[in-house]
Amino acid sequence: MISNISSRILDQTRKVVVGREEETRLILECFLARGHVLLEGVPGISKTLLARAFAKSLGLEFKRVQFTPDMLPLDIVGGFVYNQAKNSFEFRKGPVFTNILLADEVNRAPPKVQSALLEAMQELQVTVEGHTELLPCPMIVLGTENPVEFQGVYPLPEGQLDRFTMRVVFSYQPLEVETDVLQRNLGDIDFGAVQPVVGLSELQELIEEVQNIKVTREMLGYLAKLGQAMRTDPRLDLGPSPRALVQLLHCAQARAALEGRSFIIPDDIKARSDVVLAHRLRLTREAALKGLAPGPSKVIAETLEKVEPPR
Amino acid sequence: MDWIYGLVGANAALYLLLAYQLIHAWRSRTRHAGNLREAFGVLDEEVKKEMPSLPPGHTWREMVAEAKRRDLQVDWTSFGKSMDAYEELRYGDSERVAEADYREVLSLARELKRMK
């Protein structure tokens with residue numbers, strides 16, 4: 001059942017988004033792995049369009065928040081408002097109470113707002129003045145970030161980046177695909193054509209199925225070895241956290257499930273190492289000055305080449 | 001007397017040919033494998049010896065992608081089935097595939113040796 005969900009969703013998102021199949025697959029994997037995604041790319045590269053189409057194809061509740069420097073945590077998580085009729089304060093839920101939240105330009109919000117959102121992502125609950133509300137399940141945050149803008153932004157610190165399971169980089173499309181994008185945009189984009197192809201209960205079953213994907217102790221050992229090898233790499237100031245490895249494991253399980261397997265293989269871990277780990281690692285000043293391009297990805301690739309997987 | 005030299009020459013050529021064939025047969029021999037797991041063990045050893053360009057962190061699928069680029073006499077469909085079974089056995093702890101066919105796995109090991 002799970003192996004064809006990917007093609008069903010892709011059939012829908014293709015109706016409005018040209019290309020971006022790999023990005024869609026990654027978002028789906030992350031969703032099934034109960035994680036959150038940071039979408040990185042310059043403006044106008046179809047990040048928001050894809051997020052909307054993805055949400056619609058899943059038939060889940062979707063909200064979009066444009067982050068700005070003057071936002072308050074209440075604008076995200078909600079807060080207490082006075083109800084004159086009842087003569088009491090009642091909790092009004094913020095936009096984070098949804099299944100899919102598109103946090104547009106998440107790095108434009110001040111640290112307090114980022115922190116409120118990221119706490120909600122981690123705990124899947126919101127606490128305001130001692131009052132706790134659970135977020136809906138499943139819930140995914142798709143945060144977008146523009147990598148070339150530095151004015152008026154508050155870069156996400158490492159601790160908060162660590163909450164995002166994956167960073168999916170949106171690059172410019174190849175010439176032929178870009179021509180198709182232009183062709184598609186000659187008329188209006190018809191969002192009505194995107195139909196929900198999965199129900200909420202089915203999604204919850206799929207998420208459970210992913211959790212039951214078999215992982216042998218040897219595979220866990222392989223993952224731990226990769227983590228330790230990166231942590232001791234002299235080119236890195238900050239290696240992957242145990243949380244990062246756990247999330248990599250969950251993504252590997254989701255990948256295996258989408259490929260129709262009931263167990264993970266080393267290729268699952270290798271295939272998802274870069275998208276799950278690269279945004280969490282920090283190069284030493286020396287390595288950065290030497291221009292270790294493209295950043296920690298090179299360290300990850302070299303570690304994967306060195307550490308022997310179970311064969 | 002010339003015919004004696006001719007005979008010695010022919011004998012030498014015959015023995016050289018025999019020696020070459022013996023060496024070739026010895027080099028091409030494949031260790032015995034009694035089951036799928038052992039067959040992949042044999043293949044792993046050959047891959048390490050005959051495909052030094054593969055990094056230590058390679059996976060079976062990466063090895064297959066690399067091997068397919070070489071001109072090897074292997075039935076890749078049968079090999080693919082054996083590999084699926086082995087992955088299920090190795091990473092999925094499923095014993096029900098332990099009896100799967102592994103002849104093409106040994107063929108690949110032999111071919112890698114032959115190509116050296």
# chains A, B, ... in the order shown; residues from 1 in each chain; ligands from 1
call {"tool": "residues_around", "arguments": {"residues": "stretch 107-111 of chain B", "least_positions_apart": "3", "cutoff": "6 Å", "atoms": "only C-alpha atoms", "output": "JSON, numbers by chain"}}
result
{"B": [28, 43, 46, 104, 114]}
call {"tool": "interface_residues", "arguments": {"of": "chain B", "to": "chain A", "cutoff": "8 Å", "atoms": "only C-alpha atoms", "output": "count of residues only"}}
result
14
call {"tool": "closest_residue", "arguments": {"among": "A:Val169, A:Leu50, A:Ala256, A:Leu226", "to": "A:Leu10", "atoms": "only C-alpha atoms"}}
result
A:Leu50
call {"tool": "closest_residue", "arguments": {"among": "A:Phe80, A:Arg235, A:Leu156, A:Glu129", "to": "A:Arg108", "atoms": "only C-alpha atoms"}}
result
A:Leu156
call {"tool": "residues_around", "arguments": {"residues": "A:Glu105", "least_positions_apart": "6", "cutoff": "9 Å", "atoms": "only C-alpha atoms", "output": "PyMOL selection string"}}
result
chain A and resi 65-68+143-146+153
call {"tool": "write_last_selection", "arguments": {"atoms": "N, CA and C atoms", "output": "mmCIF file, in the first residue's frame"}}
result
data_model
loop_
_atom_site.group_PDB
_atom_site.id
_atom_site.type_symbol
_atom_site.label_atom_id
_atom_site.label_comp_id
_atom_site.auth_asym_id
_atom_site.auth_seq_id
_atom_site.Cartn_x
_atom_site.Cartn_y
_atom_site.Cartn_z
ATOM 1 N N VAL A 65 1.942 30.895 7.054
ATOM 2 C CA VAL A 65 2.238 32.108 7.820
ATOM 3 C C VAL A 65 3.477 32.754 7.222
ATOM 4 N N GLN A 66 3.334 34.025 6.879
ATOM 5 C CA GLN A 66 4.494 34.763 6.382
ATOM 6 C C GLN A 66 5.202 35.351 7.597
ATOM 7 N N PHE A 67 6.400 34.931 7.864
ATOM 8 C CA PHE A 67 7.103 35.408 9.049
ATOM 9 C C PHE A 67 7.682 36.798 8.789
ATOM 10 N N THR A 68 7.541 37.673 9.789
ATOM 11 C CA THR A 68 8.049 39.052 9.665
ATOM 12 C C THR A 68 8.778 39.426 10.958
ATOM 13 N N GLY A 143 9.295 24.839 6.738
ATOM 14 C CA GLY A 143 9.850 26.187 6.898
ATOM 15 C C GLY A 143 10.635 26.550 5.657
ATOM 16 N N THR A 144 10.466 27.776 5.165
ATOM 17 C CA THR A 144 11.275 28.159 4.004
ATOM 18 C C THR A 144 12.313 29.183 4.437
ATOM 19 N N GLU A 145 13.406 29.186 3.707
ATOM 20 C CA GLU A 145 14.513 30.070 4.030
ATOM 21 C C GLU A 145 15.174 30.487 2.722
ATOM 22 N N ASN A 146 15.519 31.757 2.640
ATOM 23 C CA ASN A 146 16.202 32.251 1.448
ATOM 24 C C ASN A 146 17.692 32.374 1.781
ATOM 25 N N VAL A 153 17.172 39.554 8.683
ATOM 26 C CA VAL A 153 16.894 38.147 9.003
ATOM 27 C C VAL A 153 17.600 37.765 10.304
#
call {"tool": "atom_distance", "arguments": {"atom1": "atom CA of A:Leu32", "atom2": "atom CA of A:Arg64"}}
result
20.5 Å
call {"tool": "residues_around", "arguments": {"residues": "A:Val194", "least_positions_apart": "3", "cutoff": "12 Å", "atoms": "only C-alpha atoms", "output": "list in words"}}
result
Arg8, Ile9, Leu10, Asp11, Gln12, Thr13, Arg14, Lys15, Val16, Val17, Leu49, Leu50, Arg52, Ala53, Phe54, Ala55, Lys56, Ser57, Leu58, Gly59, Ile189, Asp190, Phe191 and Val197 of chain A
call {"tool": "residues_around", "arguments": {"residues": "stretch 36-41 of chain B", "least_positions_apart": "6", "cutoff": "9 Å", "atoms": "only C-alpha atoms", "output": "list in words"}}
result
Arg311 of chain A; Ser82, Met83, Ala85, Tyr86, Leu89, Arg90, Val97, Ala98, Glu99, Ala100, Asp101, Tyr102, Arg103, Val105, Leu106 and Ala109 of chain B
call {"tool": "select_by_dssp", "arguments": {"residues": "chain B", "states": "helix (DSSP H, G or I)", "output": "JSON, numbers by chain"}}
result
{"B": [2, 3, 4, 5, 6, 7, 8, 9, 10, 11, 12, 13, 14, 15, 16, 17, 18, 19, 20, 21, 22, 23, 24, 25, 26, 27, 28, 36, 37, 38, 39, 40, 41, 42, 43, 44, 45, 46, 47, 48, 49, 50, 60, 61, 62, 63, 64, 65, 66, 67, 68, 76, 77, 78, 79, 80, 81, 82, 83, 84, 85, 86, 87, 88, 89, 90, 91, 92, 95, 96, 97, 103, 104, 105, 106, 107, 108, 109, 110, 111, 112, 113, 114]}
call {"tool": "atom_distance", "arguments": {"atom1": "atom CA of A:Thr24", "atom2": "atom CA of A:Arg243"}}
result
23.5 Å
call {"tool": "residues_around", "arguments": {"residues": "stretch 274-283 of chain A", "least_positions_apart": "6", "cutoff": "10 Å", "atoms": "only C-alpha atoms", "output": "number ranges by chain"}}
result
A: 26, 30, 37-38, 157-169, 227, 230-231, 233-241, 244-245, 247-249, 251, 289, 292, 294-301
